[in-house]
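Engineer: Before we start, here is the structure in question, set down as structure tokens.
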Amino acid sequence: MDAHGRQVTLRGVNLGGDCKVPYLDGGTNFPSDFADHRDVSFVGRPFPLAEADEHLGRLKHWGFNVVRLLTTWEAVEHRGPGLYDADYLDFLAEVCRKAGEHGQYVFVDFHQDVWSRMTGGDGAPGWCFEAVGLDFTKFHAADAAHVMQRKFDYGDPSGRQAAYPQMSWGSNYRLPANGIMWSLFWGGRLFTPDFMIEGENVQAFLQNRYLGCLDQVARRIAHLPHVLGFDTLNEPGVGYFGEPLSYRHLGPSEINPARARPGAALSPLDALAMARGLTVEVPVLKRNPETSIAEPAGQRTLNPDGISIWMADCPFERAGAYAVEGGRARPLREDFFQLAQEGPINISDDGFGPLFHEVARVTRTHEPTWPIFAELDAFGAAAGRPFPTPMPENSVNASHWYDATTLYLKSFDPTNHYDFVTGTPERDPDTIRGRYVRQLAGRQSYREAFPGGAPSLIGEFGIPYDLDDGAAYELYAQGRRDEAIWAKHTAALGLMYDALDELGLHSTQWNYTASNRNDLRIGDGWNQEDLSIFSRDQQEDPADPDSGGRAIDGFCRPFAHAVQGRLTRLRFDRAARRLEIDYQADPTISAATEIYVPARQFPKGFVTRVEGVSSNLDIAPDAQRVRITALDAGPVRVVIQGR
């Protein structure tokens with residue numbers, strides 16, 4: 001509800017994909033050994049302040065009313081523990097303030113992917129490795145991390161390279177560096193109780209530094225009324241929490257019901273042995289193109305040179321998980337990551353839950369009304385890792401969803417698609433839309449675990465714009481400017497928003513990257529991902545807010561920003577240029593229903609019909625807005641039909 005008591009629908013974007021990396025040559029399209037990790041700066045992400053009005057004005061023009069504003073632990077505390085970047089914090093607070101000037105609500109996302117830039121992603125600062133005794137300069141040689149800057153040949157002009165397959169960064173979750181850091185972050189107190197850093201257990205050390213960064217941001221933006229709150233932590237890894245020491249995930253099982261991912265199938269013991277400097281041979285899975293299922297495809301030898309990434313001894317070995325005998329790691333406690341002194345443990349209640357409550361406590365110290373936007377790891381409930389119980393009061397189910405087929409294969413055909421999860425062919429848009437509705441409804445159902453239920457916001461969804469190896473970019477370079485070059489993108493986005501409308505879900509699309517480029521080596525500036533709805537390479541007229549947009553017709557859609565009562569139905573038929581909205585009006589609410597009606601979808605104008613209770617109608621086409629003030633209580637139907 002807004003300040004007037006109206007029901008608000010949040011439709012927005014993640015701002016932005018390049019916030020994962022430092023400003024000025026920090027993207028993964030530049031080679032780096034990360035030696036400067038203490039001296040980087042994120043001032044300028046998501047854009048320099050001089051560009052703020054341009055980008056935020058464009059988002060408002062496209063009808064968005066909320067941004068999930070990205071920052072990272074590294075951006076705030078890259079210099080060292082407790083050494084906060086005041087210039088960056090002031091900059092971020094100003095971006096938040098400017099967003100409010102352009103009618104945007106804001107919630108802050110402390111983002112991470114596969115722990116850090118040094119382990120193939122983003123998030124934590126480099127000094128975390130030093131603190132726990134890991135040498136990140138040896139990760140590549142020990143096969144402990146899969147990092148673009150170490151795999152990619154920057155002298156090769158090719159956009160795609162076999163050594164660094166597209167969308168391969170996620171394989172890091174199973175590799176030693178990620179597994180170790182997440183296990184310590186979530187379970188250091190349980191697994192390595194004697195591992196102390198600066199007088200506190202390693203888990204407390206890591207989490208308290210992270211929470212300190214949330215505190216620093218919260219104290220600077222708590223006075224801004226349009227700030228909604230904070231995300232808990234983007235798609236966190238789980239490490240080895242809950243797994244048998246020797247378990248290799250080769251397919252759905254009682255231990256892990258999720259499907260296996262392509263790549264090396266390491267057990268926790270395999271990974272710990274590699275980190276210790278031992279060579280291991282493990283099964284490798286490859287995806288069957290006909291079924292999409294990852295299947296065994298031979299063996300792979302890892303860390304053949306026997307390089308240890310520890311600067312001292314392994315804390316898990318010291319705690320009695322395993323022993324090294326005859327050059328091999330032998331398990332001593334198969335249940336090491338499953339059982340604590342108090343009994344069986346699980347990541348939901350013993351890992352996620354305590355942190356969620358701490359995020360709520362720390363941020364609400366500055367603004368008691370803030371909700372937390374809670375999310376699980378990327379596989380979450382599907383892997384038997386549901387939201388914890390109990391959840392903090394006033395929480396939002398901020399789960400993510402993607403069409404895995406489109407995301408990983410970077411292709412979409414509305415007449416010849418298939419479900420990546422089941423391998424089921426889909427021959428028409430209605431079938432695809434139906435699957436989207438079912439999958440999103442599954443994410444929505446997670447709210448049932450929250451006290452009294454909870455609102456649901458899909459924190460991430462979206463599509464790659466480099467579909468079919470950047471076919472649209474090639475056509476653009478050849479001089480094509482018609483919307484047909486984005487036909488596949490528009491179709492995919494349209495089906496996604498149809499599903500969101502049907503379920504009444506709030507959402508923030510991934511993403512808007514101000515620095516995006518069409519170049520397949522660059523994209524959003526991070527691991528060759530390219531999901532930005534905007535690119536400078538499509539911008540020909542800076543005075544036109546649409547210029548630079550990609551597949552705008554797919555996401556710039558009419559919807560009810562705020563309803564004087566309770567919304568019951570919203571449906572937009574783009575082909576027919578017809579919007580239908582049903583709601584129960586409440587005249588005790590003084591503010592009008594506001595509907596965003598983009599000129600792009602109604603280029604020849606529109607006719608508005610209101611049925612039901614007596615109402616006053618205010619139509620402002622130039623402002624892309626219709627306002628309806630109900631004078632009586634009861635059902636209202638609004639039909640907006642393009643001319």
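We label chains A, B, ... in the order they appear in the structure tokens, count residues from 1 in each chain, and number ligands from 1 in the order shown.
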Near Arg160 in chain A, counting only C-alpha atoms, which residues have an atom at most 9 Å away, once you skip same-chain residues fewer than 2 positions from it, shown as an mmCIF file with N, CA, C and O atoms, in the first residue's frame?
Structural biologist:
data_model
loop_
_atom_site.group_PDB
_atom_site.id
_atom_site.type_symbol
_atom_site.label_atom_id
_atom_site.label_comp_id
_atom_site.auth_asym_id
_atom_site.auth_seq_id
_atom_site.Cartn_x
_atom_site.Cartn_y
_atom_site.Cartn_z
ATOM 1 N N PRO A 157 40.286 -12.340 -31.152
ATOM 2 C CA PRO A 157 39.127 -11.465 -31.391
ATOM 3 C C PRO A 157 37.783 -12.174 -31.305
ATOM 4 O O PRO A 157 36.738 -11.523 -31.372
ATOM 5 N N SER A 158 37.776 -13.480 -31.145
ATOM 6 C CA SER A 158 36.526 -14.227 -31.114
ATOM 7 C C SER A 158 35.650 -13.777 -29.946
ATOM 8 O O SER A 158 36.136 -13.551 -28.837
ATOM 9 N N ALA A 162 35.901 -21.570 -26.618
ATOM 10 C CA ALA A 162 35.617 -22.870 -26.013
ATOM 11 C C ALA A 162 36.148 -22.975 -24.591
ATOM 12 O O ALA A 162 35.575 -23.680 -23.756
ATOM 13 N N ALA A 163 37.211 -22.270 -24.289
ATOM 14 C CA ALA A 163 37.801 -22.347 -22.948
ATOM 15 C C ALA A 163 36.921 -21.691 -21.890
ATOM 16 O O ALA A 163 37.056 -21.984 -20.700
ATOM 17 N N TYR A 164 36.033 -20.804 -22.355
ATOM 18 C CA TYR A 164 35.121 -20.141 -21.416
ATOM 19 C C TYR A 164 33.711 -20.164 -22.014
ATOM 20 O O TYR A 164 33.238 -19.178 -22.581
ATOM 21 N N PRO A 165 33.013 -21.311 -21.901
ATOM 22 C CA PRO A 165 31.680 -21.437 -22.503
ATOM 23 C C PRO A 165 30.705 -20.434 -21.904
ATOM 24 O O PRO A 165 30.799 -20.069 -20.731
ATOM 25 N N GLN A 166 29.759 -19.988 -22.732
ATOM 26 C CA GLN A 166 28.775 -19.023 -22.241
ATOM 27 C C GLN A 166 27.977 -19.613 -21.085
ATOM 28 O O GLN A 166 27.672 -20.786 -21.044
ATOM 29 N N ASP A 469 23.556 -15.970 -31.014
ATOM 30 C CA ASP A 469 24.880 -15.376 -31.221
ATOM 31 C C ASP A 469 24.817 -13.925 -31.679
ATOM 32 O O ASP A 469 25.620 -13.474 -32.504
ATOM 33 N N LEU A 520 29.849 -9.223 -28.166
ATOM 34 C CA LEU A 520 29.632 -10.471 -27.435
ATOM 35 C C LEU A 520 30.663 -10.683 -26.332
ATOM 36 O O LEU A 520 30.428 -11.456 -25.401
ATOM 37 N N ARG A 521 31.793 -10.019 -26.412
ATOM 38 C CA ARG A 521 32.816 -10.128 -25.365
ATOM 39 C C ARG A 521 32.469 -9.267 -24.148
ATOM 40 O O ARG A 521 33.046 -9.463 -23.075
ATOM 41 N N GLN A 528 30.314 -12.020 -19.919
ATOM 42 C CA GLN A 528 29.660 -12.081 -21.219
ATOM 43 C C GLN A 528 28.138 -12.214 -21.129
ATOM 44 O O GLN A 528 27.489 -12.557 -22.110
#
Engineer: Residues within 12 Å of Ala633 in chain A, please, as JSON, numbers by chain. Count only C-alpha atoms; anything in the same chain fewer than 3 positions from it doesn't count.
Structural biologist: {"A": [564, 565, 566, 583, 584, 585, 586, 587, 588, 589, 612, 613, 614, 615, 629, 630, 636]}
Engineer: If you count only C-alpha atoms, which residues fall within 8 Å of Arg577 in chain A, apart from same-chain ones fewer than 3 positions away, as a ChimeraX atom specification?
Structural biologist: /A:572-574,601-602,641-642
Engineer: Atoms to include: N, CA and C atoms. Write the selected residues as a PDB file, in the first residue's frame.
Structural biologist:
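Dumped everything to result.pdb:
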ATOM      1  N   PHE A 572      -3.530  -7.681 -20.613  1.00  0.00           N
ATOM      2  CA  PHE A 572      -3.184  -6.852 -21.768  1.00  0.00           C
ATOM      3  C   PHE A 572      -2.979  -7.738 -22.981  1.00  0.00           C
ATOM      4  N   ASP A 573      -3.684  -7.432 -24.067  1.00  0.00           N
ATOM      5  CA  ASP A 573      -3.544  -8.135 -25.345  1.00  0.00           C
ATOM      6  C   ASP A 573      -2.836  -7.176 -26.293  1.00  0.00           C
ATOM      7  N   ARG A 574      -1.534  -7.406 -26.491  1.00  0.00           N
ATOM      8  CA  ARG A 574      -0.754  -6.466 -27.293  1.00  0.00           C
ATOM      9  C   ARG A 574      -1.191  -6.451 -28.747  1.00  0.00           C
ATOM     10  N   GLN A 601       2.406   1.554 -27.021  1.00  0.00           N
ATOM     11  CA  GLN A 601       1.445   0.479 -27.257  1.00  0.00           C
ATOM     12  C   GLN A 601       0.131   0.993 -27.855  1.00  0.00           C
ATOM     13  N   PHE A 602      -0.079   2.301 -27.780  1.00  0.00           N
ATOM     14  CA  PHE A 602      -1.303   2.899 -28.317  1.00  0.00           C
ATOM     15  C   PHE A 602      -0.926   4.094 -29.193  1.00  0.00           C
ATOM     16  N   GLN A 641      -8.916   0.655 -25.046  1.00  0.00           N
ATOM     17  CA  GLN A 641      -8.819   0.060 -26.378  1.00  0.00           C
ATOM     18  C   GLN A 641      -8.093   1.010 -27.318  1.00  0.00           C
ATOM     19  N   GLY A 642      -7.074   0.509 -27.973  1.00  0.00           N
ATOM     20  CA  GLY A 642      -6.364   1.318 -28.940  1.00  0.00           C
ATOM     21  C   GLY A 642      -7.217   1.627 -30.153  1.00  0.00           C
TER      22      GLY A 642
END
Engineer: Go through A:Ser308, A:Phe230, A:Ala204, A:Ala382 one by one, measure the shortest atom-to-atom distance of each to Pro252 in chain A using only C-alpha atoms, and give the residue with the smallest value.
Structural biologist: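 For Pro252 in chain A, the nearest of the candidates is A:Ala382.
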Engineer: Select from range 106-190 of chain A every residue with an atom at most 12 Å from any atom of range 357-377 of chain A, then for each give the shortest pair of atoms and their distance in Å to one decimal, using only C-alpha atoms, rows by chain and rising number, as JSON lines.
Structural biologist:
{"residue": "A:Val106", "atom": "CA", "partner": "A:Trp370", "partner_atom": "CA", "distance": 11.4}
{"residue": "A:Phe107", "atom": "CA", "partner": "A:Phe373", "partner_atom": "CA", "distance": 8.2}
{"residue": "A:Val108", "atom": "CA", "partner": "A:Phe373", "partner_atom": "CA", "distance": 9.1}
{"residue": "A:Asp109", "atom": "CA", "partner": "A:Phe373", "partner_atom": "CA", "distance": 8.7}
{"residue": "A:Phe110", "atom": "CA", "partner": "A:Phe373", "partner_atom": "CA", "distance": 10.9}
{"residue": "A:His111", "atom": "CA", "partner": "A:Glu375", "partner_atom": "CA", "distance": 11.5}
{"residue": "A:Gln112", "atom": "CA", "partner": "A:Asp377", "partner_atom": "CA", "distance": 10.9}
{"residue": "A:Asp113", "atom": "CA", "partner": "A:Asp377", "partner_atom": "CA", "distance": 10.2}
{"residue": "A:Val114", "atom": "CA", "partner": "A:Asp377", "partner_atom": "CA", "distance": 10.7}
{"residue": "A:Gly170", "atom": "CA", "partner": "A:Asp377", "partner_atom": "CA", "distance": 11.9}
{"residue": "A:Tyr173", "atom": "CA", "partner": "A:Asp377", "partner_atom": "CA", "distance": 10.8}
{"residue": "A:Trp182", "atom": "CA", "partner": "A:Asp377", "partner_atom": "CA", "distance": 11.5}
Engineer: Using only C-alpha atoms, which protein or nucleic acid residues come within 12 Å of Gln207 in chain A? Drop anything in the same chain fewer than 2 positions from it, and give the result as number ranges by chain.
Structural biologist: A: 73, 81, 124, 128, 181-182, 184-189, 200-205, 209-214, 232-233, 351-352, 354-356, 358-359, 362
Engineer: Between A:Val95, A:Met196, A:Leu206, A:Leu407, which one has atoms that come closest to Ser183 in chain A, using only C-alpha atoms?
Structural biologist: A:Leu206
Engineer: A:Phe47, A:Leu10, A:Asp25, A:Arg58: which is nearest Pro542 in chain A, counting only C-alpha atoms?
Structural biologist: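 For Pro542 in chain A, the nearest of the candidates is A:Arg58.
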Engineer: Neighbours of Asn516 in chain A within 10 Å (only C-alpha atoms; same-chain residues fewer than 2 positions away dropped), as a PyMOL selection string?
Structural biologist: chain A and resi 16-18+512-514+518-519+522-526+529-538
Engineer: Write out as a VMD selection string the set of residues from range 247-426 of chain A that DSSP, computed on the backbone, places in strand (DSSP E).
Structural biologist: chain A and resid 263 to 264 280 to 287 294 to 302 322 to 325 328 to 331 339 to 340 343 to 344 372 to 374 395 to 397 417 to 418 425 to 426
Engineer: Please, which residues in range 122-159 of chain A fall within 9 Å of range 35-38 of chain A when counting only C-alpha atoms, and what is the closest atom pair and distance in Å to one decimal for each, ordered by chain then residue number, as a Markdown table?
Structural biologist:
| residue | atom | partner | partner_atom | distance |
| --- | --- | --- | --- | --- |
| A:Pro125 | CA | A:His37 | CA | 7.4 |
| A:Gly126 | CA | A:His37 | CA | 6.1 |
| A:Trp127 | CA | A:Arg38 | CA | 7.7 |
| A:Thr137 | CA | A:Ala35 | CA | 8.8 |
Engineer: Find the residues around Ala177 in chain A up to 12 Å (only C-alpha atoms counted), leave out those fewer than 4 positions away in its own chain, and share them as a PyMOL selection string.
Structural biologist: chain A and resi 114-121+128-129+132-140+142-147+171-173+181-184+237+239-240+268+271-276+308-310
Engineer: Looking at A:Ile552, A:Val597, A:Leu190, A:Cys19, which one is nearest to Ile345 in chain A, with distances taken over only C-alpha atoms?
Structural biologist: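 Looking only at the distances to Ile345 in chain A, the closest residue turns out to be A:Leu190.
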Engineer: Looking at only C-alpha atoms, which of A:Asp498, A:Asp468, A:Glu317, A:Asp90 is the one that sits closest to Val437 in chain A?
Structural biologist: A:Asp498
Engineer: As an NGL selection string, please: the residues near range 419-427 of chain A (cut-off 12 Å, only C-alpha atoms, same-chain neighbours under 6 positions excluded).
Structural biologist: :A and (258-261 or 287-294 or 382 or 402-413 or 433-436 or 439)
Engineer: Which of range 220-404 of chain A counts as alpha helix (DSSP H) under DSSP, as a PDB file with C-alpha atoms, in the first residue's frame please?
Structural biologist:
ATOM      1  CA  ARG A 220      22.714   6.885   4.794  1.00  0.00           C
ATOM      2  CA  ILE A 221      19.341   6.238   3.126  1.00  0.00           C
ATOM      3  CA  PRO A 268      32.862 -32.066  -0.674  1.00  0.00           C
ATOM      4  CA  LEU A 269      35.771 -34.421  -0.020  1.00  0.00           C
ATOM      5  CA  ASP A 270      36.997 -34.100  -3.620  1.00  0.00           C
ATOM      6  CA  ALA A 271      36.997 -30.316  -3.328  1.00  0.00           C
ATOM      7  CA  LEU A 272      38.717 -30.271   0.060  1.00  0.00           C
ATOM      8  CA  ALA A 273      41.349 -32.646  -1.257  1.00  0.00           C
ATOM      9  CA  MET A 274      41.998 -30.403  -4.256  1.00  0.00           C
ATOM     10  CA  ALA A 275      42.310 -27.352  -2.023  1.00  0.00           C
ATOM     11  CA  ARG A 276      44.757 -29.304   0.135  1.00  0.00           C
ATOM     12  CA  PRO A 315      40.497 -25.903   9.014  1.00  0.00           C
ATOM     13  CA  PHE A 316      38.182 -28.765   8.015  1.00  0.00           C
ATOM     14  CA  GLU A 317      41.023 -31.260   8.233  1.00  0.00           C
ATOM     15  CA  ARG A 318      41.972 -29.764  11.583  1.00  0.00           C
ATOM     16  CA  ILE A 347      20.944 -24.765   5.540  1.00  0.00           C
ATOM     17  CA  GLY A 353      17.332 -18.198   9.001  1.00  0.00           C
ATOM     18  CA  PRO A 354      19.816 -16.628  11.427  1.00  0.00           C
ATOM     19  CA  LEU A 355      21.201 -14.321   8.730  1.00  0.00           C
ATOM     20  CA  PHE A 356      17.734 -13.218   7.600  1.00  0.00           C
ATOM     21  CA  HIS A 357      16.897 -12.217  11.172  1.00  0.00           C
ATOM     22  CA  GLU A 358      20.192 -10.349  11.489  1.00  0.00           C
ATOM     23  CA  VAL A 359      19.595  -8.463   8.226  1.00  0.00           C
ATOM     24  CA  ALA A 360      16.177  -7.431   9.572  1.00  0.00           C
ATOM     25  CA  ARG A 361      17.668  -6.357  12.908  1.00  0.00           C
ATOM     26  CA  VAL A 362      20.539  -4.354  11.425  1.00  0.00           C
ATOM     27  CA  THR A 363      18.538  -2.498   8.776  1.00  0.00           C
ATOM     28  CA  ARG A 364      15.524  -1.847  11.030  1.00  0.00           C
ATOM     29  CA  ALA A 404      16.199 -21.786 -18.285  1.00  0.00           C
TER      30      ALA A 404
END
Engineer: Which is closest to Arg438 in chain A among A:Val610, A:Met496, A:Ala93, A:Ala265, if we use only C-alpha atoms?
Structural biologist: A:Met496
Engineer: If I take CA of Tyr497 in chain A and CA of Leu228 in chain A, how far is one from the other in Å, to one decimal?
Structural biologist: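 That distance, rounded to one decimal, is 22.9 Å.
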Engineer: Just how far from CA of His506 in chain A is CA of Arg11 in chain A, in Å to one decimal?
Structural biologist: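 Distance between the two atoms: 5.9 Å.
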